[in-house]
$ cat data_20.cif   # mmCIF, N, CA and C atoms; chains and numbers go by the auth columns
data_work
loop_
_atom_site.group_PDB
_atom_site.id
_atom_site.type_symbol
_atom_site.label_atom_id
_atom_site.label_comp_id
_atom_site.label_asym_id
_atom_site.label_seq_id
_atom_site.Cartn_x
_atom_site.Cartn_y
_atom_site.Cartn_z
_atom_site.B_iso_or_equiv
_atom_site.auth_seq_id
_atom_site.auth_asym_id
ATOM 1 N N MET A 1 -27.817 0.925 11.340 0.00 762 A
ATOM 2 C CA MET A 1 -26.763 0.519 10.431 0.00 762 A
ATOM 3 C C MET A 1 -25.503 0.250 11.244 0.00 762 A
ATOM 4 N N LYS A 2 -24.854 -0.819 10.918 0.00 763 A
ATOM 5 C CA LYS A 2 -23.622 -1.156 11.614 0.00 763 A
ATOM 6 C C LYS A 2 -22.539 -1.418 10.575 0.00 763 A
ATOM 7 N N LEU A 3 -21.423 -0.710 10.704 0.00 764 A
ATOM 8 C CA LEU A 3 -20.309 -0.856 9.767 0.00 764 A
ATOM 9 C C LEU A 3 -19.257 -1.797 10.324 0.00 764 A
ATOM 10 N N GLN A 4 -18.653 -2.536 9.436 0.00 765 A
ATOM 11 C CA GLN A 4 -17.504 -3.344 9.796 0.00 765 A
ATOM 12 C C GLN A 4 -16.266 -2.451 9.695 0.00 765 A
ATOM 13 N N PRO A 5 -15.259 -2.656 10.533 0.00 766 A
ATOM 14 C CA PRO A 5 -14.063 -1.803 10.493 0.00 766 A
ATOM 15 C C PRO A 5 -13.425 -1.714 9.104 0.00 766 A
ATOM 16 N N GLU A 6 -13.462 -2.777 8.330 0.00 767 A
ATOM 17 C CA GLU A 6 -12.836 -2.759 7.013 0.00 767 A
ATOM 18 C C GLU A 6 -13.671 -1.987 5.976 0.00 767 A
ATOM 19 N N GLU A 7 -14.897 -1.612 6.319 0.00 768 A
ATOM 20 C CA GLU A 7 -15.761 -0.877 5.389 0.00 768 A
ATOM 21 C C GLU A 7 -15.521 0.631 5.416 0.00 768 A
ATOM 22 N N LEU A 8 -14.805 1.103 6.378 0.00 769 A
ATOM 23 C CA LEU A 8 -14.612 2.540 6.553 0.00 769 A
ATOM 24 C C LEU A 8 -13.137 2.860 6.662 0.00 769 A
ATOM 25 N N GLU A 9 -12.653 3.645 5.714 0.00 770 A
ATOM 26 C CA GLU A 9 -11.234 3.997 5.713 0.00 770 A
ATOM 27 C C GLU A 9 -10.952 5.176 6.635 0.00 770 A
ATOM 28 N N SER A 10 -11.783 6.225 6.556 0.00 771 A
ATOM 29 C CA SER A 10 -11.566 7.392 7.410 0.00 771 A
ATOM 30 C C SER A 10 -12.834 8.241 7.463 0.00 771 A
ATOM 31 N N VAL A 11 -12.859 9.150 8.412 0.00 772 A
ATOM 32 C CA VAL A 11 -13.965 10.094 8.568 0.00 772 A
ATOM 33 C C VAL A 11 -13.365 11.485 8.692 0.00 772 A
ATOM 34 N N LEU A 12 -13.993 12.433 8.020 0.00 773 A
ATOM 35 C CA LEU A 12 -13.572 13.826 8.117 0.00 773 A
ATOM 36 C C LEU A 12 -14.792 14.642 8.512 0.00 773 A
ATOM 37 N N TRP A 13 -14.834 15.094 9.755 0.00 774 A
ATOM 38 C CA TRP A 13 -15.953 15.900 10.233 0.00 774 A
ATOM 39 C C TRP A 13 -15.727 17.338 9.810 0.00 774 A
ATOM 40 N N GLN A 14 -16.759 17.953 9.270 0.00 775 A
ATOM 41 C CA GLN A 14 -16.653 19.345 8.820 0.00 775 A
ATOM 42 C C GLN A 14 -17.862 20.128 9.310 0.00 775 A
ATOM 43 N N ASP A 15 -17.697 21.425 9.421 0.00 776 A
ATOM 44 C CA ASP A 15 -18.759 22.326 9.814 0.00 776 A
ATOM 45 C C ASP A 15 -19.857 22.326 8.754 0.00 776 A
ATOM 46 N N TYR A 16 -21.100 22.065 9.166 0.00 777 A
ATOM 47 C CA TYR A 16 -22.198 21.987 8.211 0.00 777 A
ATOM 48 C C TYR A 16 -22.339 23.271 7.399 0.00 777 A
ATOM 49 N N GLU A 17 -22.309 24.409 8.057 0.00 778 A
ATOM 50 C CA GLU A 17 -22.525 25.671 7.354 0.00 778 A
ATOM 51 C C GLU A 17 -21.426 25.953 6.330 0.00 778 A
ATOM 52 N N ALA A 18 -20.197 25.581 6.643 0.00 779 A
ATOM 53 C CA ALA A 18 -19.101 25.769 5.691 0.00 779 A
ATOM 54 C C ALA A 18 -19.281 24.860 4.472 0.00 779 A
ATOM 55 N N VAL A 19 -19.699 23.629 4.699 0.00 780 A
ATOM 56 C CA VAL A 19 -19.936 22.705 3.592 0.00 780 A
ATOM 57 C C VAL A 19 -21.119 23.184 2.751 0.00 780 A
ATOM 58 N N ALA A 20 -22.191 23.631 3.407 0.00 781 A
ATOM 59 C CA ALA A 20 -23.367 24.125 2.679 0.00 781 A
ATOM 60 C C ALA A 20 -22.993 25.308 1.800 0.00 781 A
ATOM 61 N N GLU A 21 -22.169 26.197 2.304 0.00 782 A
ATOM 62 C CA GLU A 21 -21.731 27.346 1.514 0.00 782 A
ATOM 63 C C GLU A 21 -20.895 26.906 0.315 0.00 782 A
ATOM 64 N N ALA A 22 -19.995 25.967 0.533 0.00 783 A
ATOM 65 C CA ALA A 22 -19.156 25.463 -0.561 0.00 783 A
ATOM 66 C C ALA A 22 -20.007 24.781 -1.628 0.00 783 A
ATOM 67 N N VAL A 23 -20.989 23.996 -1.207 0.00 784 A
ATOM 68 C CA VAL A 23 -21.874 23.315 -2.152 0.00 784 A
ATOM 69 C C VAL A 23 -22.708 24.346 -2.917 0.00 784 A
ATOM 70 N N ALA A 24 -23.214 25.348 -2.207 0.00 785 A
ATOM 71 C CA ALA A 24 -24.020 26.388 -2.852 0.00 785 A
ATOM 72 C C ALA A 24 -23.214 27.152 -3.904 0.00 785 A
ATOM 73 N N GLN A 25 -21.913 27.295 -3.680 0.00 786 A
ATOM 74 C CA GLN A 25 -21.054 28.000 -4.631 0.00 786 A
ATOM 75 C C GLN A 25 -20.556 27.081 -5.747 0.00 786 A
ATOM 76 N N GLY A 26 -20.919 25.810 -5.676 0.00 787 A
ATOM 77 C CA GLY A 26 -20.521 24.871 -6.726 0.00 787 A
ATOM 78 C C GLY A 26 -19.098 24.366 -6.616 0.00 787 A
ATOM 79 N N ASN A 27 -18.539 24.383 -5.430 0.00 788 A
ATOM 80 C CA ASN A 27 -17.175 23.897 -5.212 0.00 788 A
ATOM 81 C C ASN A 27 -17.104 22.411 -5.578 0.00 788 A
ATOM 82 N N PRO A 28 -16.288 22.044 -6.568 0.00 789 A
ATOM 83 C CA PRO A 28 -16.231 20.648 -7.014 0.00 789 A
ATOM 84 C C PRO A 28 -15.618 19.685 -5.987 0.00 789 A
ATOM 85 N N ALA A 29 -15.024 20.202 -4.934 0.00 790 A
ATOM 86 C CA ALA A 29 -14.454 19.333 -3.903 0.00 790 A
ATOM 87 C C ALA A 29 -15.549 18.666 -3.066 0.00 790 A
ATOM 88 N N TYR A 30 -16.780 19.174 -3.167 0.00 791 A
ATOM 89 C CA TYR A 30 -17.895 18.640 -2.395 0.00 791 A
ATOM 90 C C TYR A 30 -18.923 18.059 -3.355 0.00 791 A
ATOM 91 N N CYS A 31 -18.891 16.778 -3.551 0.00 792 A
ATOM 92 C CA CYS A 31 -19.831 16.128 -4.476 0.00 792 A
ATOM 93 C C CYS A 31 -21.024 15.596 -3.680 0.00 792 A
ATOM 94 N N VAL A 32 -21.761 16.530 -3.114 0.00 793 A
ATOM 95 C CA VAL A 32 -22.936 16.226 -2.304 0.00 793 A
ATOM 96 C C VAL A 32 -24.144 16.845 -2.995 0.00 793 A
ATOM 97 N N PRO A 33 -25.214 16.087 -3.198 0.00 794 A
ATOM 98 C CA PRO A 33 -26.416 16.685 -3.776 0.00 794 A
ATOM 99 C C PRO A 33 -26.970 17.766 -2.845 0.00 794 A
ATOM 100 N N ARG A 34 -27.260 18.930 -3.405 0.00 795 A
ATOM 101 C CA ARG A 34 -27.738 20.048 -2.588 0.00 795 A
ATOM 102 C C ARG A 34 -29.002 19.689 -1.819 0.00 795 A
ATOM 103 N N GLY A 35 -29.918 18.970 -2.471 0.00 796 A
ATOM 104 C CA GLY A 35 -31.156 18.589 -1.797 0.00 796 A
ATOM 105 C C GLY A 35 -30.918 17.700 -0.598 0.00 796 A
ATOM 106 N N GLY A 36 -29.997 16.758 -0.736 0.00 797 A
ATOM 107 C CA GLY A 36 -29.669 15.868 0.371 0.00 797 A
ATOM 108 C C GLY A 36 -29.009 16.605 1.523 0.00 797 A
ATOM 109 N N LEU A 37 -28.130 17.526 1.186 0.00 798 A
ATOM 110 C CA LEU A 37 -27.458 18.314 2.217 0.00 798 A
ATOM 111 C C LEU A 37 -28.462 19.197 2.950 0.00 798 A
ATOM 112 N N LEU A 38 -29.389 19.784 2.206 0.00 799 A
ATOM 113 C CA LEU A 38 -30.421 20.620 2.812 0.00 799 A
ATOM 114 C C LEU A 38 -31.304 19.794 3.743 0.00 799 A
ATOM 115 N N LEU A 39 -31.650 18.592 3.346 0.00 800 A
ATOM 116 C CA LEU A 39 -32.467 17.708 4.168 0.00 800 A
ATOM 117 C C LEU A 39 -31.760 17.364 5.481 0.00 800 A
ATOM 118 N N VAL A 40 -30.477 17.041 5.401 0.00 801 A
ATOM 119 C CA VAL A 40 -29.702 16.745 6.609 0.00 801 A
ATOM 120 C C VAL A 40 -29.624 17.979 7.501 0.00 801 A
ATOM 121 N N GLY A 41 -29.393 19.131 6.891 0.00 802 A
ATOM 122 C CA GLY A 41 -29.322 20.372 7.655 0.00 802 A
ATOM 123 C C GLY A 41 -30.615 20.678 8.389 0.00 802 A
ATOM 124 N N LYS A 42 -31.747 20.468 7.723 0.00 803 A
ATOM 125 C CA LYS A 42 -33.038 20.690 8.388 0.00 803 A
ATOM 126 C C LYS A 42 -33.212 19.723 9.555 0.00 803 A
ATOM 127 N N TYR A 43 -32.808 18.479 9.359 0.00 804 A
ATOM 128 C CA TYR A 43 -32.898 17.489 10.432 0.00 804 A
ATOM 129 C C TYR A 43 -32.047 17.904 11.632 0.00 804 A
ATOM 130 N N LEU A 44 -30.875 18.487 11.359 0.00 805 A
ATOM 131 C CA LEU A 44 -29.969 18.908 12.431 0.00 805 A
ATOM 132 C C LEU A 44 -30.342 20.258 13.034 0.00 805 A
ATOM 133 N N GLY A 45 -31.353 20.906 12.441 0.00 806 A
ATOM 134 C CA GLY A 45 -31.812 22.182 12.998 0.00 806 A
ATOM 135 C C GLY A 45 -31.192 23.411 12.376 0.00 806 A
ATOM 136 N N PHE A 46 -30.512 23.249 11.253 0.00 807 A
ATOM 137 C CA PHE A 46 -29.936 24.387 10.559 0.00 807 A
ATOM 138 C C PHE A 46 -30.946 24.939 9.571 0.00 807 A
ATOM 139 N N SER A 47 -30.944 26.239 9.409 0.00 808 A
ATOM 140 C CA SER A 47 -31.746 26.834 8.340 0.00 808 A
ATOM 141 C C SER A 47 -30.791 27.218 7.228 0.00 808 A
ATOM 142 N N SER A 48 -31.274 27.189 6.017 0.00 809 A
ATOM 143 C CA SER A 48 -30.418 27.481 4.874 0.00 809 A
ATOM 144 C C SER A 48 -30.942 28.694 4.142 0.00 809 A
ATOM 145 N N ASN A 49 -30.031 29.560 3.728 0.00 810 A
ATOM 146 C CA ASN A 49 -30.438 30.730 2.965 0.00 810 A
ATOM 147 C C ASN A 49 -30.095 30.579 1.495 0.00 810 A
ATOM 148 N N TRP A 50 -29.768 29.365 1.032 0.00 811 A
ATOM 149 C CA TRP A 50 -29.483 29.157 -0.377 0.00 811 A
ATOM 150 C C TRP A 50 -30.584 28.324 -1.010 0.00 811 A
ATOM 151 N N ASP A 51 -30.851 28.648 -2.223 0.00 812 A
ATOM 152 C CA ASP A 51 -31.910 27.983 -2.966 0.00 812 A
ATOM 153 C C ASP A 51 -31.461 26.590 -3.364 0.00 812 A
ATOM 154 N N CYS A 52 -32.229 25.592 -2.986 0.00 813 A
ATOM 155 C CA CYS A 52 -31.891 24.218 -3.342 0.00 813 A
ATOM 156 C C CYS A 52 -32.490 23.874 -4.700 0.00 813 A
ATOM 157 N N LYS A 53 -31.661 23.494 -5.642 0.00 814 A
ATOM 158 C CA LYS A 53 -32.111 23.132 -6.985 0.00 814 A
ATOM 159 C C LYS A 53 -31.728 21.710 -7.306 0.00 814 A
#
$ encode --input "data_20.cif" --output "structure tokens"
Amino acid sequence: MKLQPEELESVLWQDYEAVAEAVAQGNPAYCVPRGGLLLVGKYLGFSSNWDCK
């Protein structure tokens, strides 16, 4: 995938485990599907201790 400069306004890198915890707690600031986040985490080598629903 290749993005054009005008297609991307900004990037905010965050710690995966902190985001996973926020998503698991239902923090509305993170509108990420839990299943998708878990899949990315497994790909990156993270294990998750929260139940993905």
$ atom_distance --input "data_20.cif" --atom1 "atom C of Ser808 (chain A)" --atom2 "CA of Ala790 (chain A)"
21.3 Å
$ atom_distance --input "data_20.cif" --atom1 "atom C of Gly806 (chain A)" --atom2 "CA of Asn788 (chain A)"
22.5 Å
$ closest_residue --input "data_20.cif" --among "A:Lys763, A:Leu798, A:Glu768, A:Leu805" --to "Ala785 (chain A)" --atoms "only C-alpha atoms"
A:Leu798
$ atom_distance --input "data_20.cif" --atom1 "atom N of Gly797 (chain A)" --atom2 "atom N of Ala779 (chain A)"
15.1 Å
$ select_by_dssp --input "data_20.cif" --residues "chain A" --states "alpha helix (DSSP H)" --output "VMD selection string"
chain A and resid 777 to 785 795 to 805
$ resolve_selection --input "data_20.cif" --expression "the PyMOL selection byres (((chain A and resi 780 and name CA) around 12) and name CA)" --output "PDB file with N, CA and C atoms, keeping the file's coordinate frame"
ATOM      1  N   LEU A 773     -13.993  12.433   8.020  1.00  0.00           N
ATOM      2  CA  LEU A 773     -13.572  13.826   8.117  1.00  0.00           C
ATOM      3  C   LEU A 773     -14.792  14.642   8.512  1.00  0.00           C
ATOM      4  N   TRP A 774     -14.834  15.094   9.755  1.00  0.00           N
ATOM      5  CA  TRP A 774     -15.953  15.900  10.233  1.00  0.00           C
ATOM      6  C   TRP A 774     -15.727  17.338   9.810  1.00  0.00           C
ATOM      7  N   GLN A 775     -16.759  17.953   9.270  1.00  0.00           N
ATOM      8  CA  GLN A 775     -16.653  19.345   8.820  1.00  0.00           C
ATOM      9  C   GLN A 775     -17.862  20.128   9.310  1.00  0.00           C
ATOM     10  N   ASP A 776     -17.697  21.425   9.421  1.00  0.00           N
ATOM     11  CA  ASP A 776     -18.759  22.326   9.814  1.00  0.00           C
ATOM     12  C   ASP A 776     -19.857  22.326   8.754  1.00  0.00           C
ATOM     13  N   TYR A 777     -21.100  22.065   9.166  1.00  0.00           N
ATOM     14  CA  TYR A 777     -22.198  21.987   8.211  1.00  0.00           C
ATOM     15  C   TYR A 777     -22.339  23.271   7.399  1.00  0.00           C
ATOM     16  N   GLU A 778     -22.309  24.409   8.057  1.00  0.00           N
ATOM     17  CA  GLU A 778     -22.525  25.671   7.354  1.00  0.00           C
ATOM     18  C   GLU A 778     -21.426  25.953   6.330  1.00  0.00           C
ATOM     19  N   ALA A 779     -20.197  25.581   6.643  1.00  0.00           N
ATOM     20  CA  ALA A 779     -19.101  25.769   5.691  1.00  0.00           C
ATOM     21  C   ALA A 779     -19.281  24.860   4.472  1.00  0.00           C
ATOM     22  N   ALA A 781     -22.191  23.631   3.407  1.00  0.00           N
ATOM     23  CA  ALA A 781     -23.367  24.125   2.679  1.00  0.00           C
ATOM     24  C   ALA A 781     -22.993  25.308   1.800  1.00  0.00           C
ATOM     25  N   GLU A 782     -22.169  26.197   2.304  1.00  0.00           N
ATOM     26  CA  GLU A 782     -21.731  27.346   1.514  1.00  0.00           C
ATOM     27  C   GLU A 782     -20.895  26.906   0.315  1.00  0.00           C
ATOM     28  N   ALA A 783     -19.995  25.967   0.533  1.00  0.00           N
ATOM     29  CA  ALA A 783     -19.156  25.463  -0.561  1.00  0.00           C
ATOM     30  C   ALA A 783     -20.007  24.781  -1.628  1.00  0.00           C
ATOM     31  N   VAL A 784     -20.989  23.996  -1.207  1.00  0.00           N
ATOM     32  CA  VAL A 784     -21.874  23.315  -2.152  1.00  0.00           C
ATOM     33  C   VAL A 784     -22.708  24.346  -2.917  1.00  0.00           C
ATOM     34  N   ALA A 785     -23.214  25.348  -2.207  1.00  0.00           N
ATOM     35  CA  ALA A 785     -24.020  26.388  -2.852  1.00  0.00           C
ATOM     36  C   ALA A 785     -23.214  27.152  -3.904  1.00  0.00           C
ATOM     37  N   GLN A 786     -21.913  27.295  -3.680  1.00  0.00           N
ATOM     38  CA  GLN A 786     -21.054  28.000  -4.631  1.00  0.00           C
ATOM     39  C   GLN A 786     -20.556  27.081  -5.747  1.00  0.00           C
ATOM     40  N   GLY A 787     -20.919  25.810  -5.676  1.00  0.00           N
ATOM     41  CA  GLY A 787     -20.521  24.871  -6.726  1.00  0.00           C
ATOM     42  C   GLY A 787     -19.098  24.366  -6.616  1.00  0.00           C
ATOM     43  N   ASN A 788     -18.539  24.383  -5.430  1.00  0.00           N
ATOM     44  CA  ASN A 788     -17.175  23.897  -5.212  1.00  0.00           C
ATOM     45  C   ASN A 788     -17.104  22.411  -5.578  1.00  0.00           C
ATOM     46  N   PRO A 789     -16.288  22.044  -6.568  1.00  0.00           N
ATOM     47  CA  PRO A 789     -16.231  20.648  -7.014  1.00  0.00           C
ATOM     48  C   PRO A 789     -15.618  19.685  -5.987  1.00  0.00           C
ATOM     49  N   ALA A 790     -15.024  20.202  -4.934  1.00  0.00           N
ATOM     50  CA  ALA A 790     -14.454  19.333  -3.903  1.00  0.00           C
ATOM     51  C   ALA A 790     -15.549  18.666  -3.066  1.00  0.00           C
ATOM     52  N   TYR A 791     -16.780  19.174  -3.167  1.00  0.00           N
ATOM     53  CA  TYR A 791     -17.895  18.640  -2.395  1.00  0.00           C
ATOM     54  C   TYR A 791     -18.923  18.059  -3.355  1.00  0.00           C
ATOM     55  N   CYS A 792     -18.891  16.778  -3.551  1.00  0.00           N
ATOM     56  CA  CYS A 792     -19.831  16.128  -4.476  1.00  0.00           C
ATOM     57  C   CYS A 792     -21.024  15.596  -3.680  1.00  0.00           C
ATOM     58  N   VAL A 793     -21.761  16.530  -3.114  1.00  0.00           N
ATOM     59  CA  VAL A 793     -22.936  16.226  -2.304  1.00  0.00           C
ATOM     60  C   VAL A 793     -24.144  16.845  -2.995  1.00  0.00           C
ATOM     61  N   PRO A 794     -25.214  16.087  -3.198  1.00  0.00           N
ATOM     62  CA  PRO A 794     -26.416  16.685  -3.776  1.00  0.00           C
ATOM     63  C   PRO A 794     -26.970  17.766  -2.845  1.00  0.00           C
ATOM     64  N   ARG A 795     -27.260  18.930  -3.405  1.00  0.00           N
ATOM     65  CA  ARG A 795     -27.738  20.048  -2.588  1.00  0.00           C
ATOM     66  C   ARG A 795     -29.002  19.689  -1.819  1.00  0.00           C
ATOM     67  N   LEU A 798     -28.130  17.526   1.186  1.00  0.00           N
ATOM     68  CA  LEU A 798     -27.458  18.314   2.217  1.00  0.00           C
ATOM     69  C   LEU A 798     -28.462  19.197   2.950  1.00  0.00           C
ATOM     70  N   LEU A 799     -29.389  19.784   2.206  1.00  0.00           N
ATOM     71  CA  LEU A 799     -30.421  20.620   2.812  1.00  0.00           C
ATOM     72  C   LEU A 799     -31.304  19.794   3.743  1.00  0.00           C
ATOM     73  N   VAL A 801     -30.477  17.041   5.401  1.00  0.00           N
ATOM     74  CA  VAL A 801     -29.702  16.745   6.609  1.00  0.00           C
ATOM     75  C   VAL A 801     -29.624  17.979   7.501  1.00  0.00           C
ATOM     76  N   GLY A 802     -29.393  19.131   6.891  1.00  0.00           N
ATOM     77  CA  GLY A 802     -29.322  20.372   7.655  1.00  0.00           C
ATOM     78  C   GLY A 802     -30.615  20.678   8.389  1.00  0.00           C
ATOM     79  N   SER A 809     -31.274  27.189   6.017  1.00  0.00           N
ATOM     80  CA  SER A 809     -30.418  27.481   4.874  1.00  0.00           C
ATOM     81  C   SER A 809     -30.942  28.694   4.142  1.00  0.00           C
TER      82      SER A 809
END
